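Chemist: What follows is run_14.txt, compact mmCIF, C-alpha atoms.
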# COMPACT_ATOMS: atom_id res chain seq x y z
CA MET A 197 -63.20 1.62 -9.26
CA ILE A 198 -64.57 4.77 -7.70
CA ALA A 199 -62.38 7.87 -7.69
CA THR A 200 -62.13 9.50 -4.30
CA ASP A 201 -61.90 13.24 -3.95
CA TYR A 202 -61.13 13.25 -0.23
CA SER A 203 -58.21 12.78 2.12
CA LEU A 204 -59.02 11.37 5.56
CA PHE A 205 -57.61 12.64 8.86
CA LEU A 206 -58.94 10.22 11.49
CA SER A 207 -59.71 6.52 11.59
CA VAL A 208 -61.56 4.29 14.05
CA GLY A 209 -59.67 3.88 17.33
CA ASP A 210 -57.74 7.15 17.13
CA ARG A 211 -57.52 9.06 20.39
CA VAL A 212 -58.17 12.80 20.13
CA PHE A 213 -58.95 15.96 22.04
CA HIS A 214 -60.43 19.32 21.05
CA LYS A 215 -58.07 22.29 21.43
CA LYS A 216 -60.89 24.75 22.14
CA PHE A 217 -63.06 22.53 24.33
CA LEU A 218 -60.69 20.75 26.70
CA ARG A 219 -63.56 20.24 29.13
CA TRP A 220 -64.89 17.55 26.73
CA GLY A 221 -61.90 15.43 27.71
CA MET A 222 -60.23 12.84 25.56
CA GLY A 223 -62.23 11.27 22.77
CA ILE A 224 -62.06 8.04 20.79
CA VAL A 225 -63.16 7.74 17.18
CA VAL A 226 -65.90 5.10 17.23
CA GLU A 227 -67.22 5.36 13.67
CA GLU A 228 -65.95 6.50 10.30
CA ARG A 229 -68.11 6.96 7.21
CA ARG A 230 -67.06 7.71 3.65
CA SER A 231 -69.25 8.63 0.76
CA GLU A 232 -68.88 6.64 -2.44
CA LEU A 233 -70.37 9.48 -4.46
CA PRO A 234 -68.12 12.25 -5.80
CA GLY A 235 -68.46 15.30 -3.58
CA GLY A 236 -70.08 13.28 -0.79
CA PHE A 237 -69.37 13.65 2.90
CA CYS A 238 -66.81 11.87 5.06
CA TYR A 239 -67.40 12.05 8.76
CA VAL A 240 -66.35 10.54 12.07
CA ARG A 241 -68.20 10.04 15.32
CA ILE A 242 -66.12 10.73 18.40
CA ASN A 243 -67.11 9.62 21.88
CA PHE A 244 -65.70 12.12 24.40
CA GLN A 245 -65.15 11.62 28.12
CA ASP A 246 -68.01 13.96 28.94
CA GLY A 247 -70.31 11.22 27.63
CA LYS A 248 -71.39 12.93 24.41
CA LEU A 249 -70.99 11.56 20.92
CA ARG A 250 -70.03 14.30 18.44
CA VAL A 251 -69.84 14.17 14.65
CA PHE A 252 -67.13 15.93 12.63
CA ASP A 253 -66.19 16.30 8.98
CA ASN A 254 -63.16 14.05 8.31
CA ASN A 255 -62.06 15.34 4.90
CA PHE A 256 -58.77 17.28 4.85
CA LYS A 257 -59.80 18.87 1.58
CA SER A 258 -62.88 20.38 3.19
CA GLU A 259 -62.76 23.74 4.99
CA GLY A 260 -64.90 22.22 7.73
CA CYS A 261 -62.49 19.37 8.45
CA CYS A 262 -62.27 18.42 12.11
CA TYR A 263 -58.53 19.20 12.00
CA TYR A 264 -59.24 22.84 11.16
CA ALA A 265 -62.05 22.91 13.74
CA GLY A 266 -59.58 22.06 16.53
CA ILE A 267 -59.52 18.27 16.79
CA GLN A 268 -55.99 17.10 17.61
CA LYS A 269 -54.75 13.50 17.50
CA ILE A 270 -53.04 12.10 20.56
CA ASP A 271 -50.04 10.26 19.17
CA THR A 272 -49.72 7.48 21.73
CA GLU A 273 -46.71 5.87 20.04
CA ARG A 274 -44.77 9.12 20.17
CA GLU A 275 -45.70 9.61 23.82
CA VAL A 276 -44.51 6.08 24.63
CA ARG A 277 -41.19 6.74 22.86
CA ARG A 278 -40.84 10.05 24.73
CA SER A 279 -41.53 8.45 28.09
CA LYS A 280 -39.03 5.65 27.40
CA LYS A 281 -36.33 8.20 26.50
CA LYS A 282 -37.12 10.17 29.63
CA GLU A 283 -36.98 7.00 31.72
CA GLU A 284 -33.57 6.11 30.24
CA ARG A 285 -32.22 9.60 31.04
CA ILE A 286 -33.44 9.30 34.64
CA LYS A 287 -31.84 5.85 34.97
CA LYS A 288 -28.52 7.18 33.70
CA LYS A 289 -28.63 10.09 36.15
CA LEU A 290 -29.51 7.75 39.00
CA ILE A 291 -26.65 5.38 38.17
CA LYS A 292 -24.25 8.31 37.95
CA LEU A 293 -25.44 9.58 41.34
CA ILE A 294 -25.06 6.12 42.90
CA MET A 295 -21.52 5.82 41.54
CA GLN A 296 -20.61 9.26 42.92
CA THR A 297 -22.06 8.32 46.30
CA ARG A 298 -20.03 5.09 46.36
CA LYS A 299 -16.85 7.02 45.60
CA MET A 300 -17.63 9.49 48.39
CA LEU A 301 -18.26 6.67 50.87
CA LYS A 302 -15.04 4.87 49.93
CA ALA A 303 -12.88 7.99 50.09
CA PRO A 304 -13.17 8.59 53.89
CA LYS A 305 -12.28 4.96 54.64
CA GLU A 306 -9.08 5.26 52.60
CA GLU A 307 -8.16 8.51 54.36
CA GLU A 308 -8.79 6.89 57.78
CA THR A 309 -6.46 4.01 57.00
CA GLN A 310 -3.77 6.40 55.81
CA THR A 311 -4.04 8.61 58.92
CA GLY A 312 -4.25 5.52 61.12
CA ASP A 313 -0.96 4.27 59.73
CA ARG A 314 0.74 7.54 60.62
CA LEU A 315 -0.30 7.39 64.26
Let's see the structure in the file written out as structure tokens.
Modeler:
Amino acid sequence: MIATDYSLFLSVGDRVFHKKFLRWGMGIVVEERRSELPGGFCYVRINFQDGKLRVFDNNFKSEGCCYYAGIQKIDTEREVRRSKKKEERIKKKLIKLIMQTRKMLKAPKEEETQTGDRL
């Protein structure tokens, strides 16, 4: 078994963006390579929306790691969870508003019947 002296940040299929170069757009990791030799390189190829394929160091233990260079993962699962929570909050507010509206619409009818009885 070969001992690895690296810790990987990205894997194939990860969605990313560059903090310093937002004009590149979103990128997708299309290739990941690891060296089997001690001290070898680990890199990823990222295809960005601007149409260019860029190569970055993928080793957390390296000072040149893409993470330290400004590559940020887009956590799609977390975004989905966030949007679902937000959607639930909006639904609750909408239901509450509908219930308040119903109460307001019912209230005048009750008052009319009470005043109508007096006349």
Chemist: Residues at most 10 Å from stretch 241-255 of chain A, counting only C-alpha atoms, excluding those fewer than 5 positions away in the same chain, as number ranges by chain?
Modeler: A: 201-214, 219-230, 260-265, 267
Chemist: Please measure the separation of atom CA of A:Arg278 and atom CA of A:Gln296, giving the value in Å to one decimal.
Modeler: 27.2 Å
Chemist: At what distance in Å, to one decimal, does atom CA of A:Gly236 lie from atom CA of A:Ile270?
Modeler: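 Here the two named atoms are 27.3 Å from each other.
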Chemist: Please report the interatomic distance between atom CA of A:Val240 and atom CA of A:Lys257 in Å with one decimal.
Modeler: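 Pair atom CA of A:Val240 / atom CA of A:Lys257 returns 14.9 Å.
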Chemist: Please produce stretch 209-227 of chain A, completed to N, CA and C atoms, as a short mmCIF file (atom, residue, chain, number, x, y, z; two decimals), in the coordinates of the input.
Modeler:
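File written: rebuild.cif
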data_model
loop_
_atom_site.label_atom_id
_atom_site.label_comp_id
_atom_site.auth_asym_id
_atom_site.auth_seq_id
_atom_site.Cartn_x
_atom_site.Cartn_y
_atom_site.Cartn_z
N GLY A 209 -60.64 4.23 16.29
CA GLY A 209 -59.67 3.88 17.33
C GLY A 209 -58.71 4.99 17.67
N ASP A 210 -58.64 6.03 16.84
CA ASP A 210 -57.74 7.15 17.13
C ASP A 210 -58.19 7.86 18.40
N ARG A 211 -57.23 8.28 19.18
CA ARG A 211 -57.52 9.06 20.39
C ARG A 211 -57.28 10.53 20.06
N VAL A 212 -58.21 11.38 20.49
CA VAL A 212 -58.17 12.80 20.13
C VAL A 212 -58.59 13.67 21.31
N PHE A 213 -58.38 14.98 21.13
CA PHE A 213 -58.95 15.96 22.04
C PHE A 213 -59.25 17.21 21.21
N HIS A 214 -60.09 18.08 21.75
CA HIS A 214 -60.43 19.32 21.05
C HIS A 214 -59.68 20.46 21.71
N LYS A 215 -58.92 21.20 20.91
CA LYS A 215 -58.07 22.29 21.43
C LYS A 215 -58.90 23.38 22.12
N LYS A 216 -60.08 23.65 21.60
CA LYS A 216 -60.89 24.75 22.14
C LYS A 216 -61.82 24.32 23.27
N PHE A 217 -62.12 23.03 23.33
CA PHE A 217 -63.06 22.53 24.33
C PHE A 217 -62.41 21.40 25.13
N LEU A 218 -61.41 21.74 25.90
CA LEU A 218 -60.69 20.75 26.70
C LEU A 218 -61.59 20.09 27.73
N ARG A 219 -62.64 20.79 28.12
CA ARG A 219 -63.56 20.24 29.13
C ARG A 219 -64.28 18.99 28.61
N TRP A 220 -64.29 18.76 27.28
CA TRP A 220 -64.89 17.55 26.73
C TRP A 220 -64.07 16.33 27.12
N GLY A 221 -62.79 16.53 27.39
CA GLY A 221 -61.90 15.43 27.71
C GLY A 221 -61.38 14.74 26.46
N MET A 222 -60.76 13.61 26.68
CA MET A 222 -60.23 12.84 25.56
C MET A 222 -61.38 12.15 24.84
N GLY A 223 -61.21 11.95 23.55
CA GLY A 223 -62.23 11.27 22.77
C GLY A 223 -61.63 10.13 21.98
N ILE A 224 -62.47 9.18 21.61
CA ILE A 224 -62.06 8.04 20.79
C ILE A 224 -62.98 7.98 19.58
N VAL A 225 -62.38 7.85 18.41
CA VAL A 225 -63.16 7.74 17.18
C VAL A 225 -63.83 6.36 17.18
N VAL A 226 -65.17 6.36 17.16
CA VAL A 226 -65.90 5.10 17.23
C VAL A 226 -66.54 4.71 15.90
N GLU A 227 -66.63 5.67 14.98
CA GLU A 227 -67.22 5.36 13.67
C GLU A 227 -66.63 6.29 12.62
#
